[in-house]
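Undergrad: Can you read through this structure? Questions will come right after.
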Amino acid sequence: MNKVYTRIFAGRVGTLNLAVVAVLLFALLPATLDIFRLNLVGKYLTFGFVSLGLVWLWGKGGVLSLGQGVFFGLGGYCMAMFLKLEASDPITTKIQSTPGIPDFMDWNQMTALPAFWIPFKSLPFSLIAVVVLPTLVAFILGVAMFKRRVGGVYFGVITQAIALILSLGIDGNQGYTGGRNGITDLKFLHGWDIRTQHAQYVLYFITCSLLLLMILASQWLLSGKMGKMLLAMRDREDRVRFSGYDVSAFKIFTFCLAAALSGIGGALFVLQVGFISPSLVGIVPSIEMVIFAAVGGKTSLYGAIYGTLIVNSGKSLFSESFPQLWLFLMGGLFIAVVVLFPNGIAGICDTIRKKISNRKKTAPSSVAGKDKRESVMLGELSAPALKGEK
Amino acid sequence: MMSSNTNFLLSIEDLTVSFDGFKAVDGLNLYVGKNELRVIIGPNGAGKTTVLDMVCGKTRPTGGSIKFRNRELVGMAEHQIVRAGVGRKFQTPSIYENLTVFENLEVSFPRGRSVMGCLAFESTPDVVERIHKVAEDIFLKEHLDIEGAFLSHGQKQWLEIGMLLMQEPELLMLDEPVAGMSAAEREQTAELLKRVCKDRCIIIIEHDMEFVSRIAHQVTVLHLGKILCEGTMSEIQNNPKVIEVYLGH
């Protein structure tokens, strides 16, 4: 039992991290922000799922995808299709030439619901599809690429191309997908009005809880052999292969996991924001998602939350006051993080934590005063500082 | 060309590989028996490492056959060849620098090699016991909690041999295992290899003749992708062709 506890909560530092985030998300923000701002935070946190997936894929698995918007979008569209069908009952849509189908289909002279929409009348099917469809797509892409040892820049470019293809595909098939406007005007989840303030509060807390749950589950998975395997793969991929492991299987696994997390994020986005469109699928949002993970620290699970919150809050603040400057600032921020703080906020926190603990360690020996400087210098050179971060 | 089955553990027949027309290995035939410790020597560019690369699946041969326990290895993926019982140590020590010695050995334990198996893997007492046994064999018993990056060059070489021993391969291929080792470390390594070859077959590439003469049962001399001669160390040392290749020009 104790072992399971240590694995899930990652020891003392892990428990502290969890406590800080939990207080921030469950107490501090709801107590200080009005519902409009809190709903915005809830929206940002749905991108936190994508960042968390990127921590797995990029930070732990060593593979950078520039197309995570694809999976966020697939999850979002699965959820939105269900909600749209519920909002398009024959009575509400009786003024349409074909009542009972989503409004945008009617505008595009469609007279029947396309076959692939029909299963999305079922809530259980839609919820399962939110996770399974992105995972399946990632699996197919992963098998096609990782089995052929496509990696690094090539993988990044291909995933980016797929994000472009999907966003253009959605854009160009207005009758089937709602086109550039996306799927809008979503109202009820199984009869529950998602537009009320109360619903927004509930959805916010569901988002926070699920996100923290995913982090704990990740900690559990990474504390076992999986964590060591992924580290070993980043260190020496060939050695792993020649120890009898199929490296591609492990990369496919992290890619699928990242996709599933992104899909959940997408579905929660739709529930809280009330729409989905190709502008959340394409290249720009996909790269933004990478920036969230990079700013938080690409190997830090909790960093994913902070990075997402900070970049998005900055985006809202600045784009409200200096809309033209924001994109330059965002680009500058990304360059600064990659060049100056490769481990993001989490890396900065780690450095500070180490400095403090070293100072504590050396404090007793500094009584003589004269030895103080020397012992501090030695302290800084102690094991954790020497190990370095890779 | 179809090759027949043999009683050898490893039988390489007519093996050829060419890189852009250059034949690095040219119609090579090599047979290694069970419990044999074979050393391959030869001047630079003779194709020694390329032969090992082809056996372990890193390089695809252009032609010929590699049979391990009468099972064709050509065309199999690297991890399948490892699972069939072939272990390979690389020229430069390749260990996981960010994992401890214990974890390096643990990850090499042949259980939980699939994704699901890996998620379900637990370091049970038999795993821990085996890690301690191997750590003792490779002289790293005292260093189990040290990260790979902090080991000396010789210790890294030993650790990589230990990682292979964890897999209990029937065929162990070592590429210059004593390169960069001190005289004392070389002696220890020779002892280690003599001990572990009792249960398995070992192929070693080595340049250090003094070390070779201490461990080898049979020596194969490779030159320009072909076998120059085979025999015991003293036969090799007195072979005029070998002397010509090594000392001539």
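Lettering and numbering for the structure tokens are positional, with chains as A, B, ... in the shown order, residues counted from 1 in each chain, and ligands counted from 1 in the shown order.
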Could you please select, counting only C-alpha atoms, the residues of chain B within 9 Å of chain A and state them as a ChimeraX atom specification?
TA: /B:56,77-83,86-90,94-99,103-104,106-110,112-115,118-123,147,149-150,163-164,167
Undergrad: Enumerate, as a ChimeraX atom specification, the complete set of residues in segment 127-354 of chain A that a backbone-based DSSP assignment places in helix (DSSP H, G or I).
TA: /A:127-146,152-172,174-177,179-181,197-223,225-235,237-241,247-273,278-280,283-296,301-321,326-340,344-354
Undergrad: Please determine, counting only C-alpha atoms, which residue among B:Ala183, B:Ile215, B:Leu37, B:Val55 has the shortest atom-to-atom distance to Val74 of chain B.
TA: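 Between B:Ala183, B:Ile215, B:Leu37, B:Val55, the residue approaching Val74 of chain B most closely is B:Val55.
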Undergrad: Residues within 12 Å of Asn39 of chain A, please, as a PyMOL selection string. Count only C-alpha atoms; anything in the same chain fewer than 2 positions from it doesn't count.
TA: chain A and resi 29-30+33-37+41-46+194-205+207-208+268-274
Undergrad: Which residue, B:Val32, B:Ala24, B:Met181, B:Ile146, has the smallest gap to Ile202 of chain B when you use only C-alpha atoms?
TA: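 Comparing B:Val32, B:Ala24, B:Met181, B:Ile146 against Ile202 of chain B, the winner is B:Val32.
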Undergrad: Let's see if you can do this: from backbone DSSP, list all strand (DSSP E or B) residues in segment 87-237 of chain B, as a list of chain:residue names.
TA: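 Of segment 87-237 of chain B, only B:Gly87, B:Arg88, B:Lys89, B:Thr100, B:Glu147, B:Leu171, B:Leu172, B:Met173, B:Leu174, B:Asp175, B:Cys201, B:Ile202, B:Ile203, B:Ile204, B:Ile205, B:Gln218, B:Val219, B:Thr220, B:Val221, B:Leu222, B:His223, B:Lys226, B:Ile227, B:Leu228, B:Cys229, B:Glu230, B:Gly231 fall in strand (DSSP E or B).
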Undergrad: Between atom CA of Phe318 of chain A and atom CA of Phe292 of chain A, what is the distance, to one decimal in Å?
TA: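 Rounded to one decimal, the two atoms are 16.1 Å apart.
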Undergrad: Need the shell around Gly69 of chain A: protein/DNA/RNA residues with any atom at most 8 Å away, counting only C-alpha atoms. Skip same-chain ones fewer than 6 positions apart. Format as a list in words?
TA: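 Here the answer would be Ala163, Ser262, Leu280, Val281, Gly282, Ile283, Pro285, Ser286 and Met289 of chain A.
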Undergrad: Report as a Markdown table the residues of segment 17-113 of chain A within 6 Å of segment 139-161 of chain A, each with its shortest atom pair and distance in Å (one decimal), using only C-alpha atoms, ordered by chain and increasing residue number.
TA:
```
| residue | atom | partner | partner_atom | distance |
| --- | --- | --- | --- | --- |
| A:Leu64 | CA | A:Gly156 | CA | 6.0 |
| A:Ser65 | CA | A:Gly156 | CA | 5.0 |
| A:Leu66 | CA | A:Gln160 | CA | 5.0 |
| A:Gly67 | CA | A:Thr159 | CA | 4.7 |
```
Undergrad: Next, the residues of the selection above should be written as a PDB file, in the first residue's frame with all heavy atoms.
TA:
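Generated output (out_29.pdb):
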```
ATOM      1  N   LEU A  64       9.058  14.753 -30.848  1.00  0.00           N
ATOM      2  CA  LEU A  64       8.264  15.974 -30.853  1.00  0.00           C
ATOM      3  C   LEU A  64       7.240  15.935 -31.981  1.00  0.00           C
ATOM      4  O   LEU A  64       7.593  15.804 -33.149  1.00  0.00           O
ATOM      5  CB  LEU A  64       9.172  17.202 -31.014  1.00  0.00           C
ATOM      6  CG  LEU A  64       8.441  18.542 -31.157  1.00  0.00           C
ATOM      7  CD1 LEU A  64       7.536  18.787 -29.959  1.00  0.00           C
ATOM      8  CD2 LEU A  64       9.423  19.672 -31.310  1.00  0.00           C
ATOM      9  N   SER A  65       5.968  16.062 -31.597  1.00  0.00           N
ATOM     10  CA  SER A  65       4.901  16.147 -32.588  1.00  0.00           C
ATOM     11  C   SER A  65       4.466  17.598 -32.710  1.00  0.00           C
ATOM     12  O   SER A  65       4.238  18.269 -31.712  1.00  0.00           O
ATOM     13  CB  SER A  65       3.720  15.283 -32.158  1.00  0.00           C
ATOM     14  OG  SER A  65       2.542  15.722 -32.804  1.00  0.00           O
ATOM     15  N   LEU A  66       4.356  18.068 -33.918  1.00  0.00           N
ATOM     16  CA  LEU A  66       3.877  19.432 -34.149  1.00  0.00           C
ATOM     17  C   LEU A  66       2.439  19.404 -34.644  1.00  0.00           C
ATOM     18  O   LEU A  66       1.979  20.343 -35.267  1.00  0.00           O
ATOM     19  CB  LEU A  66       4.775  20.145 -35.167  1.00  0.00           C
ATOM     20  CG  LEU A  66       6.222  20.359 -34.745  1.00  0.00           C
ATOM     21  CD1 LEU A  66       7.032  20.964 -35.878  1.00  0.00           C
ATOM     22  CD2 LEU A  66       6.294  21.267 -33.525  1.00  0.00           C
ATOM     23  N   GLY A  67       1.747  18.293 -34.345  1.00  0.00           N
ATOM     24  CA  GLY A  67       0.374  18.185 -34.840  1.00  0.00           C
ATOM     25  C   GLY A  67      -0.601  17.687 -33.794  1.00  0.00           C
ATOM     26  O   GLY A  67      -1.557  16.988 -34.111  1.00  0.00           O
TER      27      GLY A  67
END
```
Undergrad: Go ahead and compute the interatomic distance for atom CA of Met209 of chain B and atom CA of Ser152 of chain B, in Å to one decimal.
TA: 23.5 Å
Undergrad: Please report the interatomic distance between atom CA of Gly297 of chain A and atom CA of Lys60 of chain A in Å with one decimal.
TA: 11.4 Å
